[in-house]
Every structure is written in structure tokens, then in C-alpha cells.
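K.L.:
Structure: start-v7.csv, CSV, C-alpha atoms and all ligand atoms.
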chain,number,residue,atom,x,y,z
A,179,MET,CA,244.9,-41.6,115.8
A,180,ARG,CA,245.0,-38.3,117.5
A,181,GLY,CA,241.8,-36.2,117.8
A,182,LYS,CA,239.6,-39.0,116.4
A,183,GLY,CA,238.3,-40.2,119.7
A,184,GLY,CA,236.8,-36.9,120.8
A,185,LYS,CA,233.4,-37.5,119.3
A,186,ASP,CA,231.8,-39.4,122.1
A,187,MET,CA,233.7,-37.9,125.0
A,188,LYS,CA,232.3,-35.2,127.2
A,189,ALA,CA,234.7,-32.7,128.8
A,190,SER,CA,235.7,-34.3,132.0
A,191,LYS,CA,238.7,-32.2,133.2
A,192,VAL,CA,239.4,-28.6,133.2
A,193,LYS,CA,242.7,-26.7,133.3
A,194,ILE,CA,243.5,-23.0,133.0
A,195,ILE,CA,246.0,-21.1,130.9
A,196,GLY,CA,246.8,-17.4,131.0
A,197,LYS,CA,246.2,-15.6,127.6
A,198,LYS,CA,249.7,-14.2,127.8
A,199,LYS,CA,251.1,-17.7,127.6
A,200,ILE,CA,249.3,-18.7,124.4
A,201,LYS,CA,252.0,-17.4,122.0
A,202,ASP,CA,254.7,-19.3,123.9
A,203,LEU,CA,252.6,-22.4,123.9
A,204,LEU,CA,252.1,-22.1,120.1
A,205,ARG,CA,255.8,-21.5,119.6
A,206,GLU,CA,256.7,-24.6,121.5
A,207,ALA,CA,253.9,-26.7,119.9
A,208,SER,CA,255.1,-25.7,116.4
A,209,GLN,CA,258.2,-27.7,117.0
A,210,GLU,CA,256.1,-30.9,116.9
A,211,TRP,CA,253.0,-29.8,114.9
A,212,ASN,CA,252.1,-27.8,111.9
A,213,VAL,CA,250.0,-25.3,113.8
A,214,TYR,CA,246.9,-23.7,112.2
A,215,VAL,CA,245.5,-20.7,114.0
A,216,PRO,CA,243.4,-17.7,113.1
A,217,GLN,CA,245.6,-14.9,111.9
A,218,LYS,CA,245.0,-11.3,110.7
A,219,TRP,CA,246.2,-10.6,107.2
A,220,SER,CA,247.3,-7.4,105.7
A,221,ASP,CA,243.8,-6.5,104.3
A,222,GLY,CA,242.4,-7.0,107.8
A,223,ASP,CA,240.6,-10.3,107.1
A,224,VAL,CA,241.1,-13.1,109.6
A,225,TRP,CA,241.2,-16.7,108.8
A,226,MET,CA,243.0,-19.8,109.9
A,227,ASP,CA,246.3,-20.6,108.3
A,228,GLN,CA,249.5,-22.4,109.2
A,229,LEU,CA,252.2,-20.8,111.3
A,230,PRO,CA,255.6,-20.6,109.6
A,231,LYS,CA,258.4,-22.8,110.9
A,232,ASP,CA,261.2,-20.2,110.3
A,233,LYS,CA,261.9,-18.6,113.7
A,234,GLN,CA,261.7,-15.0,112.6
A,235,MET,CA,258.6,-15.5,110.5
A,236,LEU,CA,257.0,-17.5,113.3
A,237,ASP,CA,257.6,-14.6,115.8
A,238,GLU,CA,256.0,-12.2,113.3
A,239,ALA,CA,253.1,-14.4,112.6
A,240,LEU,CA,252.4,-14.9,116.3
A,241,GLU,CA,251.8,-11.2,116.6
A,242,ASP,CA,248.9,-11.6,114.1
A,243,VAL,CA,247.2,-14.4,115.9
A,244,VAL,CA,243.6,-13.5,116.7
A,245,LEU,CA,241.7,-15.5,119.3
A,246,GLU,CA,238.7,-13.3,119.5
A,247,ASP,CA,235.1,-13.4,118.3
A,248,VAL,CA,235.9,-12.2,114.8
A,249,ASP,CA,234.5,-13.3,111.5
A,250,THR,CA,236.9,-15.9,110.0
A,251,VAL,CA,235.8,-15.2,106.5
A,252,ILE,CA,236.5,-18.6,105.1
A,253,SER,CA,236.1,-21.8,107.0
A,254,PRO,CA,239.1,-24.0,107.9
A,255,LYS,CA,237.9,-26.9,105.6
A,256,ASP,CA,240.8,-26.3,103.2
A,257,ILE,CA,243.3,-27.6,105.8
A,258,PHE,CA,241.9,-31.1,105.0
A,259,PHE,CA,240.3,-30.4,101.7
A,260,PRO,CA,242.5,-27.9,99.9
A,261,GLN,CA,241.0,-25.7,97.2
A,262,LEU,CA,243.6,-27.1,94.8
A,263,GLU,CA,245.3,-30.4,95.5
A,264,SER,CA,247.7,-32.6,93.6
A,265,ILE,CA,246.5,-36.1,94.2
A,266,PHE,CA,249.0,-38.1,92.1
A,267,LYS,CA,251.8,-37.5,89.7
A,268,PHE,CA,252.8,-39.6,86.6
A,269,LYS,CA,255.7,-39.9,84.3
A,270,ASP,CA,255.8,-42.4,81.4
A,271,ASP,CA,254.2,-45.5,82.8
A,272,LYS,CA,254.8,-44.7,86.5
A,273,ILE,CA,252.2,-43.2,88.9
A,274,TRP,CA,252.8,-42.2,92.4
A,275,GLU,CA,250.3,-40.7,94.9
A,276,THR,CA,251.0,-37.6,96.9
A,277,PRO,CA,249.0,-37.9,100.2
A,278,GLU,CA,249.9,-35.5,102.9
A,279,PHE,CA,250.3,-36.8,106.5
A,280,SER,CA,251.8,-33.9,108.5
A,281,PRO,CA,250.8,-33.6,112.2
A,282,LYS,CA,248.3,-30.8,112.5
A,283,LEU,CA,247.3,-28.8,115.5
A,284,ILE,CA,244.1,-26.9,114.7
A,285,PHE,CA,244.1,-24.2,117.4
A,286,GLY,CA,241.2,-21.8,118.1
A,287,VAL,CA,238.6,-23.3,115.7
A,288,GLN,CA,235.1,-22.0,116.2
A,289,PRO,CA,232.6,-24.6,117.4
A,290,CYS,CA,230.4,-24.4,114.2
A,291,ASP,CA,233.5,-25.0,112.1
A,292,LEU,CA,234.4,-27.9,114.3
A,293,LYS,CA,231.1,-29.4,113.4
A,294,GLY,CA,231.9,-28.7,109.8
A,295,ILE,CA,235.2,-30.6,110.1
A,296,LEU,CA,233.4,-33.6,111.7
A,297,PHE,CA,230.8,-33.5,108.9
A,298,SER,CA,233.5,-33.6,106.3
A,299,ASP,CA,235.3,-36.4,108.1
A,300,ASP,CA,232.1,-38.4,107.9
A,301,PHE,CA,231.5,-37.5,104.2
A,302,TYR,CA,234.9,-38.5,103.1
A,303,ARG,CA,234.7,-41.9,104.8
A,304,ARG,CA,231.0,-42.7,104.4
A,305,ASN,CA,230.7,-44.7,101.2
A,306,PHE,CA,234.4,-44.9,100.3
A,307,GLU,CA,237.6,-43.9,102.0
A,308,ASP,CA,239.0,-40.8,100.3
A,309,ARG,CA,242.7,-41.5,101.0
A,310,TYR,CA,243.8,-37.9,100.2
A,311,TYR,CA,241.4,-36.5,102.8
A,312,VAL,CA,241.9,-39.3,105.3
A,313,SER,CA,245.7,-38.9,105.1
A,314,ARG,CA,245.4,-35.3,106.2
A,315,ILE,CA,243.4,-36.1,109.3
A,316,GLN,CA,245.5,-39.0,110.5
A,317,ASN,CA,247.5,-37.1,113.0
A,318,ARG,CA,245.7,-34.0,114.3
A,319,LEU,CA,244.7,-32.3,117.5
A,320,ILE,CA,241.7,-29.9,117.6
A,321,VAL,CA,241.6,-27.1,120.1
A,322,ALA,CA,238.2,-25.4,119.8
A,323,ARG,CA,237.5,-21.9,121.1
A,324,GLY,CA,233.9,-21.1,122.1
A,325,CYS,CA,232.4,-17.8,121.0
A,326,LEU,CA,231.3,-15.3,123.7
A,327,ARG,CA,229.5,-13.3,121.1
A,328,PRO,CA,228.5,-14.2,117.5
A,329,PRO,CA,231.4,-13.3,115.2
A,330,ARG,CA,228.8,-12.6,112.4
A,331,PRO,CA,225.3,-11.1,112.7
A,332,THR,CA,224.2,-14.0,110.5
A,333,CYS,CA,225.3,-16.7,112.9
A,334,PHE,CA,222.5,-18.9,114.1
A,335,CYS,CA,224.4,-21.8,115.8
A,336,SER,CA,222.3,-21.8,119.0
A,337,SER,CA,219.2,-22.7,116.8
A,338,ALA,CA,221.1,-25.6,115.3
A,339,LYS,CA,222.9,-26.6,118.5
A,340,THR,CA,226.3,-26.3,116.8
A,341,GLY,CA,227.6,-23.6,119.1
A,342,PRO,CA,228.5,-21.2,120.6
A,343,PHE,CA,230.4,-23.9,122.5
A,344,ALA,CA,231.1,-27.4,121.4
A,345,GLU,CA,229.7,-30.2,123.5
A,346,ASP,CA,231.9,-32.9,121.9
A,347,GLY,CA,234.3,-33.6,119.1
A,348,PHE,CA,237.2,-31.5,120.4
A,349,ASP,CA,240.4,-32.6,122.0
A,350,LEU,CA,240.5,-29.4,124.0
A,351,GLN,CA,238.2,-26.4,124.2
A,352,LEU,CA,239.0,-22.9,125.3
A,353,VAL,CA,236.5,-21.0,127.4
A,354,ASP,CA,237.3,-17.3,127.5
A,355,PHE,CA,237.5,-16.0,131.1
A,356,GLY,CA,239.0,-12.5,131.1
A,357,ASP,CA,242.8,-12.8,131.2
A,358,SER,CA,242.7,-16.6,131.0
A,359,TYR,CA,241.0,-19.5,129.3
A,360,PHE,CA,239.5,-22.5,131.0
A,361,VAL,CA,240.7,-25.5,129.0
A,362,GLU,CA,238.1,-28.3,128.8
A,363,VAL,CA,239.7,-31.6,128.1
A,364,GLY,CA,237.7,-33.7,125.6
A,365,THR,CA,240.1,-36.6,124.8
A,366,ARG,CA,243.1,-38.5,126.1
A,367,GLU,CA,245.1,-36.9,123.3
A,368,GLY,CA,244.1,-33.5,124.6
A,369,GLU,CA,245.2,-34.5,128.0
A,370,GLU,CA,248.5,-35.7,126.6
A,371,PHE,CA,249.0,-32.4,124.9
A,372,ILE,CA,248.6,-30.6,128.2
A,373,THR,CA,251.0,-33.0,129.9
A,374,MET,CA,253.6,-32.3,127.2
A,375,HIS,CA,253.3,-28.6,127.7
A,376,LYS,CA,252.4,-28.6,131.4
A,377,LYS,CA,254.4,-25.5,132.3
A,378,PHE,CA,251.7,-23.4,130.6
A,379,PHE,CA,248.8,-24.9,132.4
A,380,SER,CA,247.5,-24.7,136.0
A,381,GLU,CA,244.6,-26.0,138.0
A,382,PRO,CA,241.5,-23.8,138.2
A,383,ASP,CA,240.4,-22.4,141.6
A,384,GLY,CA,237.0,-22.5,143.2
A,385,ASN,CA,233.7,-23.3,141.7
A,386,TYR,CA,234.8,-23.2,138.1
A,387,ASP,CA,232.0,-25.5,136.9
A,388,MET,CA,229.4,-22.9,137.7
A,389,THR,CA,231.5,-20.1,136.2
A,390,ILE,CA,231.9,-22.0,132.9
A,391,LYS,CA,228.2,-22.8,132.8
A,392,GLU,CA,227.4,-19.1,133.3
A,393,ILE,CA,229.8,-18.1,130.5
A,394,LYS,CA,228.2,-20.6,128.1
A,395,THR,CA,224.6,-19.5,128.9
A,396,LYS,CA,225.5,-15.8,128.4
A,397,ALA,CA,227.2,-16.7,125.1
A,398,CYS,CA,224.1,-18.6,124.0
A,399,ASP,CA,221.8,-15.7,124.9
A,400,SER,CA,223.9,-13.3,122.8
A,401,LEU,CA,222.8,-15.0,119.6
A,402,GLU,CA,220.2,-12.7,118.1
A,403,LEU,CA,219.3,-14.6,115.0
A,404,LYS,CA,217.0,-17.5,115.9
A,405,VAL,CA,215.5,-19.9,113.4
A,406,ASP,CA,213.3,-23.0,113.8
A,407,PHE,CA,216.1,-25.3,112.6
A,408,GLN,CA,214.7,-28.6,113.8
A,409,ASN,CA,211.3,-27.8,112.3
A,410,ALA,CA,213.0,-27.0,109.0
A,411,LEU,CA,214.6,-30.5,109.0
A,412,SER,CA,211.3,-32.1,109.7
A,413,LEU,CA,209.5,-30.2,107.0
A,414,MET,CA,212.3,-30.8,104.5
A,415,ALA,CA,212.0,-34.6,105.2
A,416,GLN,CA,208.6,-34.6,103.6
A,417,ASP,CA,208.4,-35.5,99.9
A,418,SER,CA,208.1,-32.4,97.7
A,419,PHE,CA,207.4,-30.1,100.6
A,420,ILE,CA,209.0,-27.1,98.9
A,421,PRO,CA,206.9,-25.8,95.9
A,422,GLU,CA,208.9,-25.6,92.7
A,423,GLU,CA,208.0,-21.9,92.5
A,424,ASN,CA,210.1,-21.2,95.6
A,425,TYR,CA,213.2,-22.8,94.1
A,426,ARG,CA,212.5,-21.0,90.8
A,427,ARG,CA,212.3,-17.6,92.6
A,428,ILE,CA,215.5,-18.2,94.5
A,429,GLY,CA,217.2,-19.6,91.5
A,430,GLU,CA,216.3,-16.6,89.4
A,431,ARG,CA,217.7,-14.2,92.0
A,432,CYS,CA,221.0,-16.2,92.5
A,433,ILE,CA,223.8,-14.9,90.2
A,434,TYR,CA,225.7,-18.2,90.7
A,435,CYS,CA,228.9,-16.5,91.8
A,436,GLY,CA,229.6,-19.5,94.1
A,437,GLY,CA,230.5,-17.3,97.0
A,438,CYS,CA,228.2,-19.1,99.4
A,439,LEU,CA,229.7,-22.5,98.4
A,440,TYR,CA,233.3,-21.6,98.8
A,441,VAL,CA,232.9,-20.2,102.3
A,442,CYS,CA,230.7,-23.0,103.4
A,443,PRO,CA,232.4,-25.5,105.8
A,444,THR,CA,230.4,-28.4,104.6
A,445,CYS,CA,230.4,-28.0,100.9
A,446,THR,CA,232.4,-31.0,99.6
A,447,CYS,CA,232.0,-31.0,95.8
A,448,PHE,CA,235.1,-31.3,93.7
A,449,ASN,CA,236.3,-31.9,90.2
A,450,VAL,CA,239.5,-33.4,88.9
A,451,PHE,CA,241.7,-32.5,85.9
A,452,ASP,CA,245.1,-33.5,84.5
A,453,ASN,CA,248.0,-31.2,84.0
A,454,VAL,CA,250.0,-32.9,81.3
A,455,LYS,CA,253.1,-32.0,79.3
A,456,ASP,CA,254.5,-34.7,77.1
A,457,LYS,CA,254.4,-37.9,79.1
A,458,GLU,CA,254.6,-36.2,82.5
A,459,GLY,CA,252.0,-34.6,84.7
A,460,GLU,CA,249.7,-34.6,87.7
A,461,ARG,CA,246.1,-35.1,88.5
A,462,VAL,CA,244.7,-32.2,90.5
A,463,ARG,CA,241.4,-31.8,92.3
A,464,ASN,CA,239.8,-28.5,92.9
A,465,TRP,CA,236.6,-27.3,94.7
A,466,ASP,CA,233.5,-27.3,92.5
A,467,ALA,CA,229.9,-26.6,93.3
A,468,CYS,CA,226.5,-28.1,92.6
A,469,VAL,CA,225.0,-24.7,91.6
A,470,PHE,CA,227.3,-24.4,88.6
A,471,GLU,CA,225.8,-25.4,85.3
A,472,GLY,CA,228.9,-27.4,84.3
A,473,TYR,CA,229.1,-29.5,87.5
A,474,THR,CA,226.6,-32.1,86.3
A,475,ARG,CA,227.0,-31.6,82.6
A,476,GLU,CA,227.9,-34.9,81.0
A,477,THR,CA,230.3,-35.5,78.2
A,478,SER,CA,227.4,-36.1,75.8
A,479,GLY,CA,226.2,-32.6,76.6
A,480,HIS,CA,223.2,-33.8,78.5
A,481,ASN,CA,222.7,-32.1,81.8
A,482,PRO,CA,220.3,-33.6,84.4
A,483,ARG,CA,220.3,-30.3,86.2
A,484,LYS,CA,220.2,-27.9,83.3
A,485,ASP,CA,217.7,-25.5,84.8
A,486,LYS,CA,218.8,-23.1,87.5
A,487,TRP,CA,216.0,-23.9,89.9
A,488,LEU,CA,217.0,-27.6,89.9
A,489,ARG,CA,220.4,-26.6,91.1
A,490,THR,CA,219.0,-24.3,93.7
A,491,ALA,CA,216.8,-27.2,94.9
A,492,ARG,CA,219.8,-29.5,95.0
A,493,ARG,CA,221.7,-27.1,97.3
A,494,TYR,CA,219.0,-26.7,99.8
A,495,GLU,CA,217.9,-30.3,99.8
A,496,HIS,CA,221.4,-31.5,100.1
A,497,LYS,CA,222.0,-29.3,103.2
A,498,LEU,CA,218.7,-29.8,104.9
A,499,LYS,CA,217.3,-33.1,103.7
A,500,PHE,CA,219.6,-35.7,102.2
A,501,ASP,CA,222.5,-35.6,104.5
A,502,TYR,CA,220.3,-35.5,107.5
A,503,LYS,CA,218.3,-38.4,106.3
A,504,VAL,CA,221.4,-40.6,105.6
A,505,THR,CA,223.5,-39.6,108.6
A,506,GLY,CA,221.5,-37.7,111.2
A,507,LEU,CA,223.9,-34.9,110.6
A,508,SER,CA,222.6,-31.8,109.0
A,509,GLY,CA,224.7,-30.5,106.1
A,510,CYS,CA,224.4,-27.0,107.5
A,511,ILE,CA,226.2,-26.1,110.7
A,512,ALA,CA,224.7,-22.7,111.0
A,513,CYS,CA,227.8,-20.6,110.6
A,514,GLY,CA,225.9,-17.9,108.6
A,515,ARG,CA,228.7,-17.4,106.1
A,516,CYS,CA,226.4,-18.0,103.1
A,517,LEU,CA,224.2,-15.1,103.9
A,518,SER,CA,227.1,-12.8,104.9
A,519,SER,CA,229.0,-13.5,101.7
A,520,CYS,CA,226.0,-13.4,99.2
A,521,PRO,CA,225.9,-10.3,97.0
A,522,VAL,CA,222.1,-10.7,96.6
A,523,GLY,CA,221.1,-11.5,100.1
A,524,ILE,CA,220.4,-15.2,99.8
A,525,GLY,CA,221.2,-17.4,102.8
A,526,ILE,CA,220.1,-20.7,104.3
A,527,SER,CA,218.9,-19.0,107.5
A,528,LYS,CA,216.5,-17.0,105.3
A,529,PHE,CA,215.4,-20.1,103.5
A,530,ILE,CA,214.7,-21.8,106.9
A,531,GLN,CA,212.7,-18.7,107.9
A,532,GLU,CA,210.7,-18.9,104.7
A,533,ILE,CA,209.7,-22.5,105.1
A,534,THR,CA,209.1,-22.4,108.9
A,535,GLU,CA,207.4,-19.0,109.1
A,536,LYS,CA,205.5,-19.5,105.8
A,537,ARG,CA,206.4,-16.1,104.5
A,538,LYS,CA,208.4,-14.7,101.7
A,539,ILE,CA,211.7,-13.5,103.0
A,540,MET,CA,214.1,-13.7,100.1
B,601,LIG,S1,224.8,-23.5,104.4
B,601,LIG,FE1,225.4,-21.5,105.0
B,601,LIG,S2,225.0,-21.4,107.3
B,601,LIG,FE2,225.0,-23.6,106.6
B,601,LIG,S3,227.1,-24.3,107.0
B,601,LIG,FE3,227.0,-23.6,104.8
B,601,LIG,S4,227.7,-21.4,104.8
B,601,LIG,FE4,227.2,-22.0,107.0
B,602,LIG,S1,226.5,-16.3,97.1
B,602,LIG,FE1,224.4,-15.8,96.6
B,602,LIG,S2,224.4,-15.3,94.4
B,602,LIG,FE2,226.4,-16.3,94.8
B,602,LIG,S3,225.9,-18.5,94.3
B,602,LIG,FE3,225.5,-18.2,96.5
B,602,LIG,S4,223.3,-17.8,96.6
B,602,LIG,FE4,223.9,-17.5,94.5
Just give me the structure as C-alpha cells.
P.N.:
Amino acid sequence: MRGKGGKDMKASKVKIIGKKKIKDLLREASQEWNVYVPQKWSDGDVWMDQLPKDKQMLDEALEDVVLEDVDTVISPKDIFFPQLESIFKFKDDKIWETPEFSPKLIFGVQPCDLKGILFSDDFYRRNFEDRYYVSRIQNRLIVARGCLRPPRPTCFCSSAKTGPFAEDGFDLQLVDFGDSYFVEVGTREGEEFITMHKKFFSEPDGNYDMTIKEIKTKACDSLELKVDFQNALSLMAQDSFIPEENYRRIGERCIYCGGCLYVCPTCTCFNVFDNVKDKEGERVRNWDACVFEGYTRETSGHNPRKDKWLRTARRYEHKLKFDYKVTGLSGCIACGRCLSSCPVGIGISKFIQEITEKRKIM
């Protein structure tokens, strides 16, 4: 399985690639892979999407590739967990599943989002194997791209140790160095990719280890928002640490638009529904969210989380308590998107500041 073995492997080898060669590399790679890369769209927003296969469309799309420290508004989680996904179809008494197995090259993913992908990988295989998710990750290669500067003022990855460079979990990682990238090799699959496309890569000169270390240290220093993340996890682990009034206050302020949940790389809630006409149709799943009143409402009408504050509590405790307790992985990877997307200024970094600094911030 490509890309799976990266979790435990530290970068051991380094190559170099000129930035001008990236487009040609992506063009060549798209013959074998479905290539996902950050692209600038007509409204100016940047997010990761698949490059087209058609030659002319591919050439045009390559002009819009953005490998810079910009805010990718939405996370890349929908590559493996689409917003709307047909999971099986049926007609009369026949049912057939529709898993998706295409080879995927995820190129230029930010390190926090890489952690989000690894979190989702674990979630969808933890207590049961979600075959629709797992089919999508079967054949993938992940090329991370470390951030020299935080793409959002709300980023706090250095506090959570989820960035600005990945330490593991990638097949390859790009380290921006002026006109070139150092390419850290994390897995055998990453090494094979370089061998397949060796005309684009060369050996670095001189004391590159020291240069890479300096780049990473400077990048880490550029993060202005610092929170006491580890302390927050320890405090949240205590029973009933957060007074109900805090959750009530935040819950009253939240307008339950769902913005923070849809942009969050680690939100994994979904619902399913059937599209049926006569005896034919499909079962579809779509993103849902724990803060919505209907998410836990049962068929009888009973809702165990009827009150807003209970749903607010669920969100924060899921992110900072339950996942960490079960897996040792925090359900927040510190991307800062929840705060940057919230119309009323609620965000998990502020919540962490509230509980660790013992003052009212939201
Ligand atoms: S909770 Fe907020 S900061 Fe944490 S991963 Fe989700 S969107 Fe990012
Ligand atoms: S974005 Fe803000 S207002 Fe909307 S659901 Fe999230 S916390 Fe509530």
C-alpha cells in the first residue's frame, strides 16, 4: 500500500528539485496518478483539487497551481471523505457498492492537514473498517509542503507540534529554499516516485542538513499565535473540568452555521440518505455535524443533546478529550480554520486560551 508506511519513518534522504520543474513533474505524474494540488480558483480562493486529465485543461490548470504559504480555505479531507458520496446503488433486488480506488498523488499538502488525514485514517479504521474511506486511501502518495510562514493568522501548529513542518507521515516533504525545494524522503514509496521521475531531481550540495534545520527553526519562530496546547489536553482529561456555564455562554453565542465544522480537517460526522425512484436508487452519505440539533435527534423525537450547550460541550470535548484519551491523537490539529471561518469569533485556540489562562476570551 503506497503512502501507508510513512508514519514511523523519519526522513532519511534528501534530494533537490528546481521550482521551475514542478509543473512538468506534475504533468508527467498525472499520467499515472490522479494528482491533487492546491489551485487558485476564479474567486481568488485556493484549495486542493484534482488536476484535469485532458491535455489542454491540464496545461491551464497547471498555471493556477499555488505552492505558497496561502490559506487553503477548506481542508483536503474531501479527497478521501467527500462532502457527498454515493456508497451503493440498487435496482429491484440487486445492490452493488461503488467504492473508489483511483491512485492519488496528494501534492503540496500542509503539515497540519497531513495530520488531519492521518487522524481520519485512524478514525475510519479504529472500531470498524469503513470500506468507502479505506478504498480511497489504498493507493496514494503524499507529498507534504512545509510552511515558511503561517498561511492564516489563526494558525497555532507550533503549539500542537503539528507543523510548520511534518516530522513523519509523509512520503515526501518539500522544504522551500528559494528557487528550489529540498525533498525529504519519508518512505520507500516516496523514494520510488523519485526514481520514476529522476530527471527532475538532483543531489543537494554542501551542508544541507544545517540549512534545512535553519529553515525549519525560522518557520517555527514565525508562528505568532501560541497556546498551551498540552496543558489544555491535560486539563480536559479531568472529569467535569469545564464548568457548564462556559459551554452555555459559548453555545449561546454560536449561531450553528456549521462553518467551523465543514472546514475542519478532523470533523468526521456524516449522515446517510436514500435517493429512490420506483425500485431504483442509491444510498448517499454527506457531511453532518455534532452541533446541529438534528444530528442526534432520534426517530422517536427524543434528542439526547437537545440543548445547545450540550452540543457545544460535545464539540470541544470530542476534539480535546475523547479522541486523545482513546488514541493519543488530539482531534484538533491546530490549523486555525475554525476561528478564521467563524462569523462570531469562536475558535478552538480561543477556547484553549480560556481554559489554560483562566480568563474569558470569547
Ligand atoms: S478544531 Fe479548529 S483548529 Fe482544530 S483542526 Fe478543527 S478547524 Fe483546525
Ligand atoms: S463557525 Fe462559529 S457560529 Fe458557526 S457553528 Fe462554528 S462556532 Fe458556531
K.L.:
Distance limit 10 Å, reference ligand LIG 601 (chain B), atoms considered: all atoms listed in the file. Which residues make the cut? Give them as number ranges by chain.
P.N.:
A: 252-253, 290-291, 293-294, 332-335, 338, 437-445, 493-494, 496-498, 508-520, 524-528
K.L.:
Tell me which protein, DNA and RNA residues are within 9 Å of Lys396 in chain A, counting all atoms listed in the file, leaving out same-chain ones fewer than 4 positions away, and put them as a list in words.
P.N.:
Leu326, Arg327, Lys391, Glu392 and Ser400 of chain A
K.L.:
Choose the residue, out of A:Cys468, A:Leu488, A:Ile433, A:Ile320, that has the smallest atom-to-atom separation from ligand LIG 602 (chain B); count all atoms listed in the file.
P.N.:
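The closest residue to ligand LIG 602 (chain B) is A:Ile433.
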K.L.:
Give the answer as one residue: which of A:Val469, A:Ile273, A:Ala491, A:Val504 has the shortest atom-to-atom distance to ligand LIG 602 (chain B), using all atoms listed in the file?
P.N.:
A:Val469
K.L.:
Produce the centre coordinates and the three edge lengths, each in Å to one decimal, of the box along x, y and z that contains all listed atoms of ligand LIG 602 (chain B) with 8 Å added on each side, as lines of an AutoDock Vina configuration file.
P.N.:
center_x = 224.9
center_y = -16.9
center_z = 95.7
size_x = 19.2
size_y = 19.2
size_z = 18.8
K.L.:
Which of these, A:Glu246, A:Asp466, A:Glu370, A:Glu206, has the shortest distance to ligand LIG 602 (chain B) once you count only C-alpha atoms and all ligand atoms?
P.N.:
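Using only C-alpha atoms and all ligand atoms, the shortest distance to ligand LIG 602 (chain B) belongs to A:Asp466.
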